[in-house]
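What's in protein_9.txt: compact mmCIF, C-alpha atoms and all ligand atoms
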# COMPACT_ATOMS: atom_id res chain seq x y z
CA MET V 1 4.34 15.47 -18.06
CA THR V 2 2.95 11.96 -17.66
CA ASN V 3 -0.68 12.62 -16.97
CA ALA V 4 -2.35 9.65 -15.32
CA PRO V 5 -5.93 9.00 -16.47
CA LEU V 6 -8.75 10.68 -14.55
CA PRO V 7 -9.79 10.43 -11.80
CA VAL V 8 -7.18 9.83 -9.10
CA LYS V 9 -8.24 6.98 -6.81
CA PHE V 10 -8.26 6.93 -3.01
CA ALA V 11 -7.34 4.13 -0.65
CA TYR V 12 -7.02 4.05 3.12
CA TRP V 13 -4.86 1.87 5.36
CA VAL V 14 -6.98 -0.68 7.20
CA PRO V 15 -6.02 -0.38 10.88
CA ASN V 16 -5.99 -4.16 11.40
CA VAL V 17 -2.84 -3.67 13.47
CA SER V 18 -2.97 -2.04 16.91
CA GLY V 19 -1.30 1.23 17.82
CA GLY V 20 -2.51 3.41 14.97
CA LEU V 21 -0.49 4.66 12.00
CA VAL V 22 1.99 6.83 13.90
CA ILE V 23 4.50 5.69 16.51
CA SER V 24 3.47 8.39 18.95
CA LYS V 25 1.70 8.73 22.27
CA ILE V 26 -0.65 11.38 20.85
CA GLU V 27 -4.32 10.38 21.13
CA GLN V 28 -5.33 8.29 18.10
CA ARG V 29 -9.07 7.62 17.92
CA THR V 30 -8.81 4.39 15.99
CA HIS V 31 -9.10 0.69 16.76
CA TRP V 32 -7.87 -2.56 15.26
CA ASP V 33 -10.99 -4.57 16.08
CA ILE V 34 -13.52 -5.73 13.51
CA ASP V 35 -16.47 -3.61 14.68
CA TYR V 36 -14.50 -0.38 14.32
CA ASN V 37 -13.13 -1.55 10.98
CA ARG V 38 -16.47 -2.62 9.52
CA GLN V 39 -17.91 0.78 10.32
CA LEU V 40 -14.84 2.51 8.92
CA ALA V 41 -15.11 0.54 5.66
CA ARG V 42 -18.76 1.57 5.26
CA ILE V 43 -17.89 5.21 5.95
CA ALA V 44 -15.01 5.03 3.45
CA GLU V 45 -17.02 3.63 0.56
CA LYS V 46 -19.65 6.33 1.07
CA ALA V 47 -16.92 8.95 1.25
CA GLY V 48 -15.55 8.06 -2.21
CA PHE V 49 -12.73 5.66 -1.32
CA GLU V 50 -12.36 2.87 -3.88
CA TYR V 51 -9.79 0.78 -2.04
CA ALA V 52 -8.72 -0.23 1.46
CA LEU V 53 -5.32 -1.81 2.13
CA SER V 54 -4.82 -4.31 4.94
CA GLN V 55 -1.45 -4.93 6.57
CA ILE V 56 0.31 -8.22 7.25
CA ARG V 57 2.48 -8.63 10.32
CA PHE V 58 3.19 -11.89 12.11
CA THR V 59 4.83 -9.91 14.89
CA ALA V 60 5.93 -6.30 15.26
CA GLY V 61 8.47 -4.51 17.40
CA TYR V 62 7.21 -0.93 17.48
CA GLY V 63 4.03 -1.01 19.54
CA ALA V 64 1.78 -2.82 17.06
CA ASP V 65 1.27 -5.60 19.58
CA ASN V 66 -1.90 -7.05 18.05
CA GLN V 67 -2.19 -7.84 14.37
CA HIS V 68 -5.23 -9.41 12.71
CA GLU V 69 -4.41 -11.65 9.74
CA SER V 70 -4.92 -9.82 6.46
CA VAL V 71 -6.80 -12.27 4.18
CA ALA V 72 -9.40 -13.21 6.80
CA PHE V 73 -9.81 -9.57 7.80
CA THR V 74 -10.11 -8.50 4.17
CA HIS V 75 -12.92 -11.00 3.64
CA ALA V 76 -14.78 -9.70 6.70
CA LEU V 77 -14.56 -6.11 5.39
CA LEU V 78 -15.70 -7.15 1.92
CA ALA V 79 -18.68 -8.95 3.45
CA ALA V 80 -19.64 -5.74 5.27
CA THR V 81 -19.47 -3.45 2.22
CA GLU V 82 -20.99 -3.07 -1.26
CA THR V 83 -18.47 -1.36 -3.53
CA LEU V 84 -15.15 -1.08 -1.68
CA ASN V 85 -12.22 -3.10 -3.06
CA VAL V 86 -10.09 -4.48 -0.26
CA ILE V 87 -6.45 -5.36 -0.84
CA ALA V 88 -5.06 -8.21 1.25
CA ALA V 89 -1.35 -7.97 2.03
CA VAL V 90 0.53 -11.26 1.75
CA LEU V 91 4.13 -12.33 2.29
CA PRO V 92 5.72 -14.91 0.00
CA GLY V 93 7.44 -17.36 2.33
CA PRO V 94 4.67 -17.72 4.90
CA TRP V 95 2.18 -17.96 1.99
CA HIS V 96 2.52 -20.58 -0.69
CA PRO V 97 1.15 -19.24 -3.98
CA ALA V 98 -1.17 -22.25 -4.48
CA LEU V 99 -2.86 -21.45 -1.17
CA LEU V 100 -3.10 -17.73 -1.86
CA ALA V 101 -4.42 -18.25 -5.40
CA LYS V 102 -7.13 -20.54 -4.07
CA GLN V 103 -8.08 -18.34 -1.09
CA VAL V 104 -8.40 -15.31 -3.32
CA ALA V 105 -10.33 -17.17 -6.04
CA THR V 106 -12.93 -18.22 -3.48
CA ILE V 107 -13.15 -14.79 -1.87
CA SER V 108 -13.55 -13.28 -5.34
CA HIS V 109 -16.68 -15.45 -5.82
CA LEU V 110 -17.98 -14.60 -2.35
CA THR V 111 -17.62 -10.85 -2.83
CA LYS V 112 -18.38 -10.07 -6.49
CA GLY V 113 -14.69 -9.84 -7.38
CA ARG V 114 -13.73 -7.03 -4.99
CA ILE V 115 -10.59 -8.60 -3.50
CA ALA V 116 -7.07 -7.59 -4.59
CA VAL V 117 -3.66 -8.59 -3.20
CA ASN V 118 -0.58 -6.66 -2.13
CA VAL V 119 2.53 -8.80 -2.42
CA VAL V 120 5.02 -7.51 0.14
CA SER V 121 8.53 -8.84 0.20
CA GLY V 122 9.33 -8.45 3.89
CA TRP V 123 11.63 -6.15 5.85
CA PHE V 124 11.62 -7.61 9.36
CA ARG V 125 14.14 -10.38 9.88
CA GLY V 126 12.97 -10.91 13.49
CA GLU V 127 9.48 -11.71 12.25
CA PHE V 128 10.72 -14.39 9.86
CA HIS V 129 13.01 -15.78 12.55
CA ALA V 130 10.13 -15.93 15.05
CA ILE V 131 8.02 -18.10 12.75
CA GLY V 132 10.92 -20.26 11.55
CA GLU V 133 10.83 -18.97 8.00
CA PRO V 134 14.17 -18.64 6.13
CA TRP V 135 15.25 -15.00 5.65
CA LEU V 136 16.50 -14.34 2.13
CA ASP V 137 18.76 -11.48 1.03
CA HIS V 138 17.01 -8.35 -0.19
CA ASP V 139 17.14 -9.02 -3.93
CA GLU V 140 16.42 -12.73 -3.46
CA ARG V 141 13.22 -11.78 -1.67
CA TYR V 142 12.17 -9.89 -4.80
CA ARG V 143 13.16 -12.79 -7.07
CA ARG V 144 10.85 -14.95 -5.02
CA SER V 145 8.07 -12.33 -5.06
CA GLU V 146 8.28 -12.08 -8.84
CA GLU V 147 7.92 -15.85 -9.20
CA PHE V 148 5.05 -15.69 -6.70
CA ILE V 149 3.21 -13.13 -8.84
CA ARG V 150 3.87 -14.99 -12.11
CA VAL V 151 2.58 -18.17 -10.49
CA ILE V 152 -0.65 -16.77 -9.02
CA ARG V 153 -1.46 -15.08 -12.31
CA GLY V 154 -0.66 -18.30 -14.18
CA ILE V 155 -2.91 -20.34 -11.90
CA TRP V 156 -5.72 -17.83 -12.31
CA THR V 157 -5.55 -17.76 -16.10
CA GLU V 158 -4.37 -21.19 -17.29
CA ASP V 159 -5.50 -24.77 -16.99
CA ALA V 160 -2.83 -27.47 -16.60
CA PHE V 161 -0.48 -24.79 -15.32
CA SER V 162 3.17 -25.82 -15.13
CA PHE V 163 6.05 -23.78 -13.75
CA ASN V 164 9.64 -24.65 -13.05
CA GLY V 165 11.16 -21.86 -10.98
CA ASP V 166 13.87 -21.54 -8.36
CA PHE V 167 11.25 -21.13 -5.60
CA TYR V 168 8.06 -22.73 -6.91
CA ARG V 169 7.15 -25.70 -9.08
CA PHE V 170 3.76 -26.63 -10.55
CA HIS V 171 2.79 -29.60 -12.70
CA ASP V 172 -0.39 -29.53 -14.82
CA TYR V 173 -2.31 -27.77 -12.07
CA SER V 174 -5.85 -26.58 -12.84
CA LEU V 175 -7.45 -24.31 -10.26
CA LYS V 176 -11.25 -24.50 -10.24
CA PRO V 177 -13.07 -22.25 -9.90
CA LYS V 178 -10.88 -19.49 -11.24
CA PRO V 179 -11.50 -16.03 -9.74
CA LEU V 180 -14.13 -13.83 -11.35
CA GLN V 181 -13.12 -11.56 -14.23
CA PRO V 182 -11.56 -9.03 -14.26
CA LEU V 183 -8.83 -10.85 -12.33
CA PRO V 184 -7.96 -9.67 -8.82
CA GLU V 185 -5.44 -6.85 -9.13
CA ILE V 186 -1.89 -7.48 -7.95
CA PHE V 187 -0.25 -4.66 -6.01
CA GLN V 188 3.27 -4.68 -4.61
CA GLY V 189 4.97 -2.60 -1.90
CA GLY V 190 8.62 -1.44 -1.96
CA SER V 191 10.82 1.24 -3.54
CA SER V 192 14.26 -0.30 -4.12
CA ARG V 193 15.69 -0.97 -7.56
CA ALA V 194 14.57 -4.61 -7.25
CA ALA V 195 11.06 -3.42 -6.39
CA ARG V 196 10.94 -1.13 -9.43
CA ASP V 197 12.27 -3.90 -11.69
CA MET V 198 9.52 -6.19 -10.47
CA ALA V 199 6.84 -3.54 -10.94
CA ALA V 200 8.01 -2.88 -14.48
CA ARG V 201 7.73 -6.60 -15.31
CA VAL V 202 4.78 -8.12 -13.49
CA SER V 203 2.78 -5.99 -11.02
CA ASP V 204 -0.50 -4.27 -11.86
CA TRP V 205 0.25 -1.63 -9.22
CA TYR V 206 3.40 -0.22 -7.59
CA PHE V 207 2.95 1.10 -4.06
CA THR V 208 5.64 3.30 -2.62
CA ASN V 209 6.21 4.92 0.76
CA GLY V 210 5.52 8.60 1.26
CA ASN V 211 7.90 10.87 -0.64
CA THR V 212 8.31 14.34 -2.14
CA PRO V 213 6.83 14.86 -5.61
CA ASP V 214 10.39 14.84 -7.05
CA GLY V 215 11.19 11.61 -5.25
CA VAL V 216 8.02 9.97 -6.53
CA LYS V 217 8.61 11.25 -10.06
CA ALA V 218 12.11 9.79 -10.18
CA GLN V 219 10.66 6.38 -9.32
CA ILE V 220 7.90 6.64 -11.91
CA ASP V 221 10.35 7.76 -14.61
CA ASP V 222 12.57 4.80 -13.82
CA ILE V 223 9.66 2.34 -14.00
CA ARG V 224 8.48 3.82 -17.32
CA ALA V 225 12.02 3.55 -18.76
CA LYS V 226 12.22 -0.11 -17.72
CA GLU V 227 8.77 -0.81 -19.21
CA ALA V 228 9.56 0.80 -22.55
CA GLY V 229 8.64 -1.49 -25.43
CA THR V 230 7.24 -4.25 -23.19
CA GLY V 231 3.57 -3.25 -23.26
CA HIS V 232 3.47 -3.47 -19.46
CA HIS V 233 2.20 -0.45 -17.51
CA ALA V 234 2.23 -0.57 -13.72
CA ARG V 235 -0.08 1.93 -12.11
CA ILE V 236 1.31 3.98 -9.25
CA GLY V 237 0.08 4.36 -5.65
CA VAL V 238 1.74 6.68 -3.12
CA ASN V 239 1.40 6.63 0.65
CA ALA V 240 0.59 9.78 2.63
CA PHE V 241 -0.44 10.51 6.18
CA ALA V 242 -3.20 13.08 5.78
CA ILE V 243 -3.72 15.84 8.32
CA VAL V 244 -6.47 18.05 6.94
CA ARG V 245 -7.81 20.83 9.13
CA GLU V 246 -9.66 24.08 8.51
CA THR V 247 -6.45 26.09 8.74
CA GLU V 248 -2.90 25.20 7.84
CA ALA V 249 -1.77 26.28 11.32
CA GLU V 250 -4.08 23.70 12.92
CA ALA V 251 -2.83 20.94 10.64
CA ARG V 252 0.82 21.84 11.31
CA ALA V 253 0.13 21.92 15.06
CA VAL V 254 -1.19 18.36 14.89
CA LEU V 255 1.97 17.22 13.09
CA ALA V 256 4.11 19.02 15.69
CA GLU V 257 2.22 17.26 18.49
CA ILE V 258 2.60 13.83 16.82
CA LEU V 259 6.35 14.40 16.59
CA ALA V 260 6.67 15.86 20.09
CA LYS V 261 4.91 12.82 21.52
CA ALA V 262 6.80 10.29 19.38
CA ASP V 263 7.95 7.21 21.21
CA PRO V 264 11.74 7.45 20.68
CA GLU V 265 12.55 3.94 21.81
CA ALA V 266 9.95 2.37 19.53
CA VAL V 267 10.95 4.58 16.57
CA ARG V 268 14.63 3.70 17.05
CA GLY V 269 13.76 0.00 17.33
CA PHE V 270 11.78 0.26 14.09
CA HIS V 271 14.67 2.13 12.43
CA HIS V 272 17.03 -0.65 13.41
CA GLU V 273 14.72 -3.28 11.90
CA VAL V 274 14.09 -1.48 8.62
CA GLN V 275 17.80 -1.61 7.90
CA ASN V 276 16.88 -5.06 6.60
CA ALA V 277 14.79 -3.40 3.92
CA GLY V 278 15.85 -0.43 1.77
CA ASN V 279 19.31 -0.11 3.25
CA ALA V 280 19.93 -3.79 2.65
CA SER V 281 19.31 -3.44 -1.08
CA PRO V 282 22.61 -3.36 -3.00
CA GLU V 283 22.13 0.25 -4.18
CA ARG V 284 20.61 1.40 -0.83
CA GLU V 285 17.65 3.07 -2.46
CA GLY V 286 14.71 1.20 -0.99
CA ASN V 287 12.02 2.30 1.41
CA TRP V 288 13.41 3.91 4.51
CA ALA V 289 16.98 4.12 3.13
CA LYS V 290 16.94 7.89 3.59
CA SER V 291 14.30 8.30 6.30
CA SER V 292 14.94 10.66 9.22
CA PHE V 293 13.71 10.05 12.78
CA GLU V 294 10.73 12.36 12.07
CA ASP V 295 9.88 10.51 8.85
CA LEU V 296 9.79 7.17 10.65
CA VAL V 297 7.25 8.33 13.24
CA GLN V 298 4.80 7.47 10.43
CA TYR V 299 6.19 4.08 9.64
CA ASN V 300 5.67 4.36 5.87
CA ASP V 301 7.20 7.88 5.56
CA GLY V 302 3.72 9.34 5.20
CA PHE V 303 4.59 12.91 6.28
CA ARG V 304 7.01 13.33 3.37
CA THR V 305 4.15 13.49 0.85
CA ASN V 306 2.95 16.61 2.69
CA LEU V 307 -0.82 16.14 2.53
CA ILE V 308 -0.92 18.37 5.60
CA GLY V 309 -2.91 21.59 5.42
CA THR V 310 -6.33 22.90 4.43
CA PRO V 311 -8.69 20.93 2.16
CA ARG V 312 -7.71 23.16 -0.77
CA GLN V 313 -3.96 22.85 -0.19
CA VAL V 314 -4.24 19.09 0.10
CA ALA V 315 -6.48 18.80 -2.97
CA GLU V 316 -4.01 20.89 -5.01
CA ARG V 317 -1.08 18.70 -3.93
CA ILE V 318 -3.01 15.55 -4.86
CA VAL V 319 -3.73 16.93 -8.31
CA ALA V 320 -0.04 17.86 -8.64
CA LEU V 321 0.87 14.26 -7.79
CA LYS V 322 -1.52 13.11 -10.47
CA GLY V 323 0.27 15.43 -12.86
CA ILE V 324 3.50 13.48 -12.38
CA GLY V 325 1.76 10.15 -12.99
CA VAL V 326 0.30 9.06 -9.64
CA ASP V 327 -2.91 7.03 -10.07
CA LEU V 328 -3.82 6.40 -6.44
CA VAL V 329 -3.22 8.04 -3.08
CA LEU V 330 -3.08 5.72 -0.07
CA LEU V 331 -3.99 7.52 3.13
CA GLY V 332 -3.47 7.08 6.84
CA PHE V 333 -5.24 9.20 9.47
CA LEU V 334 -5.00 9.93 13.18
CA HIS V 335 -8.70 9.49 13.93
CA PHE V 336 -9.73 7.19 11.11
CA GLN V 337 -13.53 7.24 11.09
CA GLU V 338 -13.92 10.98 11.59
CA GLU V 339 -11.15 11.92 9.22
CA VAL V 340 -12.09 9.55 6.39
CA GLU V 341 -15.56 11.08 6.47
CA TYR V 342 -14.17 14.64 6.58
CA PHE V 343 -11.79 13.85 3.71
CA GLY V 344 -14.68 12.54 1.63
CA LYS V 345 -16.71 15.68 2.24
CA GLN V 346 -14.02 18.34 2.11
CA VAL V 347 -11.17 17.10 -0.07
CA ILE V 348 -12.41 14.60 -2.68
CA PRO V 349 -14.99 16.99 -4.21
CA LEU V 350 -12.28 19.65 -4.54
CA VAL V 351 -9.95 17.16 -6.20
CA ARG V 352 -12.71 16.32 -8.68
CA GLU V 353 -13.27 20.02 -9.40
CA LEU V 354 -9.57 20.61 -9.99
CA GLU V 355 -9.31 17.54 -12.22
CA GLU V 356 -12.26 18.75 -14.25
CA ALA V 357 -10.76 22.22 -14.59
CA ALA V 358 -7.42 20.74 -15.68
CA ALA V 359 -9.19 18.54 -18.26
CA ASN V 360 -11.10 21.56 -19.62
CA THR V 361 -7.88 23.56 -19.90
CA ALA V 362 -6.23 20.66 -21.73
CA ARG V 363 -9.21 20.34 -24.12
CA ALA V 364 -9.17 24.08 -24.87
CA ALA V 365 -5.41 24.11 -25.59
C1 LIG V 401 2.11 0.67 0.68
C2 LIG V 401 2.99 -0.36 1.31
C3 LIG V 401 2.42 -1.36 2.08
C4 LIG V 401 3.21 -2.30 2.72
N1 LIG V 401 2.62 -3.25 3.52
C5 LIG V 401 3.38 -4.14 4.17
C6 LIG V 401 2.80 -5.10 5.05
O1 LIG V 401 1.59 -5.13 5.26
N2 LIG V 401 3.62 -5.98 5.67
C7 LIG V 401 4.98 -5.97 5.48
O2 LIG V 401 5.67 -6.79 6.08
N3 LIG V 401 5.56 -5.07 4.65
C8 LIG V 401 4.81 -4.17 4.00
N4 LIG V 401 5.40 -3.25 3.18
C9 LIG V 401 6.88 -3.27 3.05
C10 LIG V 401 7.38 -3.80 1.71
O3 LIG V 401 6.98 -5.08 1.44
C11 LIG V 401 8.91 -3.83 1.65
O4 LIG V 401 9.42 -4.78 2.51
C12 LIG V 401 9.49 -2.54 2.04
O5 LIG V 401 8.80 -1.52 1.39
C13 LIG V 401 10.98 -2.44 1.70
O6 LIG V 401 11.16 -2.70 0.39
P1 LIG V 401 12.33 -2.08 -0.46
O7 LIG V 401 13.59 -2.40 0.25
O8 LIG V 401 12.24 -2.78 -1.77
O9 LIG V 401 12.04 -0.63 -0.59
C14 LIG V 401 4.63 -2.29 2.54
C15 LIG V 401 5.19 -1.30 1.73
C16 LIG V 401 4.40 -0.33 1.12
C17 LIG V 401 5.04 0.72 0.27

Please rewrite the model in this file as structure tokens.
Amino acid sequence: MTNAPLPVKFAYWVPNVSGGLVISKIEQRTHWDIDYNRQLARIAEKAGFEYALSQIRFTAGYGADNQHESVAFTHALLAATETLNVIAAVLPGPWHPALLAKQVATISHLTKGRIAVNVVSGWFRGEFHAIGEPWLDHDERYRRSEEFIRVIRGIWTEDAFSFNGDFYRFHDYSLKPKPLQPLPEIFQGGSSRAARDMAARVSDWYFTNGNTPDGVKAQIDDIRAKEAGTGHHARIGVNAFAIVRETEAEARAVLAEILAKADPEAVRGFHHEVQNAGNASPEREGNWAKSSFEDLVQYNDGFRTNLIGTPRQVAERIVALKGIGVDLVLLGFLHFQEEVEYFGKQVIPLVRELEEAAANTARAA
């Protein structure tokens, strides 16, 4: 067993994109505007969430018609909170690393170092086409992302930074001011072999779509094997769509309603587009490569992690995920404000109790 250090961390998806987190006509009491999101961020930090993750979309074909830009939105949420770390999603291609490094360095100073970044490699060819950005093959996108990460870290840590890559070149560049220490954390999203290779080499955090514990464990084992002897250790975050209700039957009924009210045309359109992601990787192992119609109703496979049930069932499954090496659980909800608060009251304290009990058992053994 690869026990991750205590305690497991919690993040929530920032709904900076319209339409909620499920592609379904079920009622979703959530909103993509800043007032709703500021309040949500304040609720989340009180509830015990350490991180919030924003999304980046320049356009979207599955009902997410409005999308606020992630770095600006991240800054607004940081300005409204005290302790929450907010992760800004960015796409190499549209972002040049010099610009991102400088934006993030400034926001780090403005917000006591609470900004992080999520480098996403892109899955939506239509989006790149719409903004006139060249669309690279799957593994080329990751080669570019890896250079992007090496470059931003280089700019943040070195003066007279020089780099001669296939995608980026720098000549004696000194960024001033540098971000505050500790440096902003660098997350990445993706599950293909190329994504795991990149995580094992350069990322602080590896984010993967929802999956079964076995599916997550196989990815972690692979990353640890690739890291062996390098000294690098990527921490692991897993997506889940949480449906926590007093009884399991209630929680299951909510899932059934989400699926019954799924928007088939939008889900199929999304399925078509994500073929450019996991299925386009040479080994066909990436995100969405094996997703069913039901899985895709939560567009990051969040039902597969099965955080659906009573507070105790969900807390036990989170601690089991920790047992296989998961450091952070990233959560989406139907009714964000109410459910983040409920999760903080009903689930997080149980997780802490179970972690404590597990630690005591380990100490006694
Ligand atoms: C937690 C998480 C967050 C992501 N956020 C975004 C995002 O905001 N914008 C985006 O275009 N892609 C996002 N992605 C998609 C990834 O960048 C990547 O394109 C996708 O996972 C397919 O990668 P793969 O083929 O390597 O599995 C996210 C992925 C994960 C796992």

Find the residues near Ser203 of chain V: any atom within 9 Å, counting all atoms listed in the file, skip ones fewer than 5 places away on the same chain, and give them as a PDB file with C-alpha atoms, keeping the file's coordinate frame.
ATOM      1  CA  GLU V 146       8.280 -12.080  -8.840  1.00  0.00           C
ATOM      2  CA  ILE V 149       3.210 -13.130  -8.840  1.00  0.00           C
ATOM      3  CA  GLU V 185      -5.440  -6.850  -9.130  1.00  0.00           C
ATOM      4  CA  ILE V 186      -1.890  -7.480  -7.950  1.00  0.00           C
ATOM      5  CA  PHE V 187      -0.250  -4.660  -6.010  1.00  0.00           C
ATOM      6  CA  GLN V 188       3.270  -4.680  -4.610  1.00  0.00           C
ATOM      7  CA  MET V 198       9.520  -6.190 -10.470  1.00  0.00           C
ATOM      8  CA  HIS V 232       3.470  -3.470 -19.460  1.00  0.00           C
ATOM      9  CA  HIS V 233       2.200  -0.450 -17.510  1.00  0.00           C
ATOM     10  CA  ALA V 234       2.230  -0.570 -13.720  1.00  0.00           C
ATOM     11  CA  ARG V 235      -0.080   1.930 -12.110  1.00  0.00           C
TER      12      ARG V 235
END

- Write out as an MDAnalysis selection string each polymer residue (protein, DNA or RNA) that has an atom no more than 8 Å from ligand LIG 401 (chain V), with all atoms listed in the file counted. chainID V and resid 53:57 89:91 118:124 138 142 188:196 207:210 237:239 274 276:281 285:289 300 330

- Message: Around (2.8, -19.6, 4.9), as given in the file, which residues come within 12 Å? Count all atoms listed in the file and list them as a ChimeraX atom specification.
- Response: /V:56,58,69,90-100,128,131-134

- Between atom CA of Val8 of chain V and atom CA of Val319 of chain V, what is the spacing in Å? 7.9 Å

- Å distance separating atom CA of Phe10 of chain V from atom CA of Val329 of chain V, one decimal place: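 Rounded to one decimal, the two atoms are 5.2 Å apart.
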
- Just how far from atom CA of Asn211 of chain V is atom CA of Asp263 of chain V, in Å to one decimal?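 So the two atoms, atom CA of Asp263 of chain V and atom CA of Asn211 of chain V, lie 22.2 Å apart.
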
- Using all atoms listed in the file, which of V:Ser24, V:Ala64, V:Tyr12, V:Gly344 sits nearest Asn85 of chain V?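 With all atoms listed in the file as the atom set, the closest residue is V:Tyr12.
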
Close residues, Gln337 of chain V itself excluded, 6 Å, all atoms listed in the file, min 2 positions apart in chain, as a tab-separated table (two decimals) with C-alpha atoms, keeping the file's coordinate frame:
chain	number	residue	atom	x	y	z
V	40	LEU	CA	-14.84	2.51	8.92
V	339	GLU	CA	-11.15	11.92	9.22
V	340	VAL	CA	-12.09	9.55	6.39

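For the set V:Pro184, V:Pro179, V:Pro264, V:Pro311, the residue with the smallest atom-to-atom gap to Val297 of chain V is V:Pro264, counting all atoms listed in the file.
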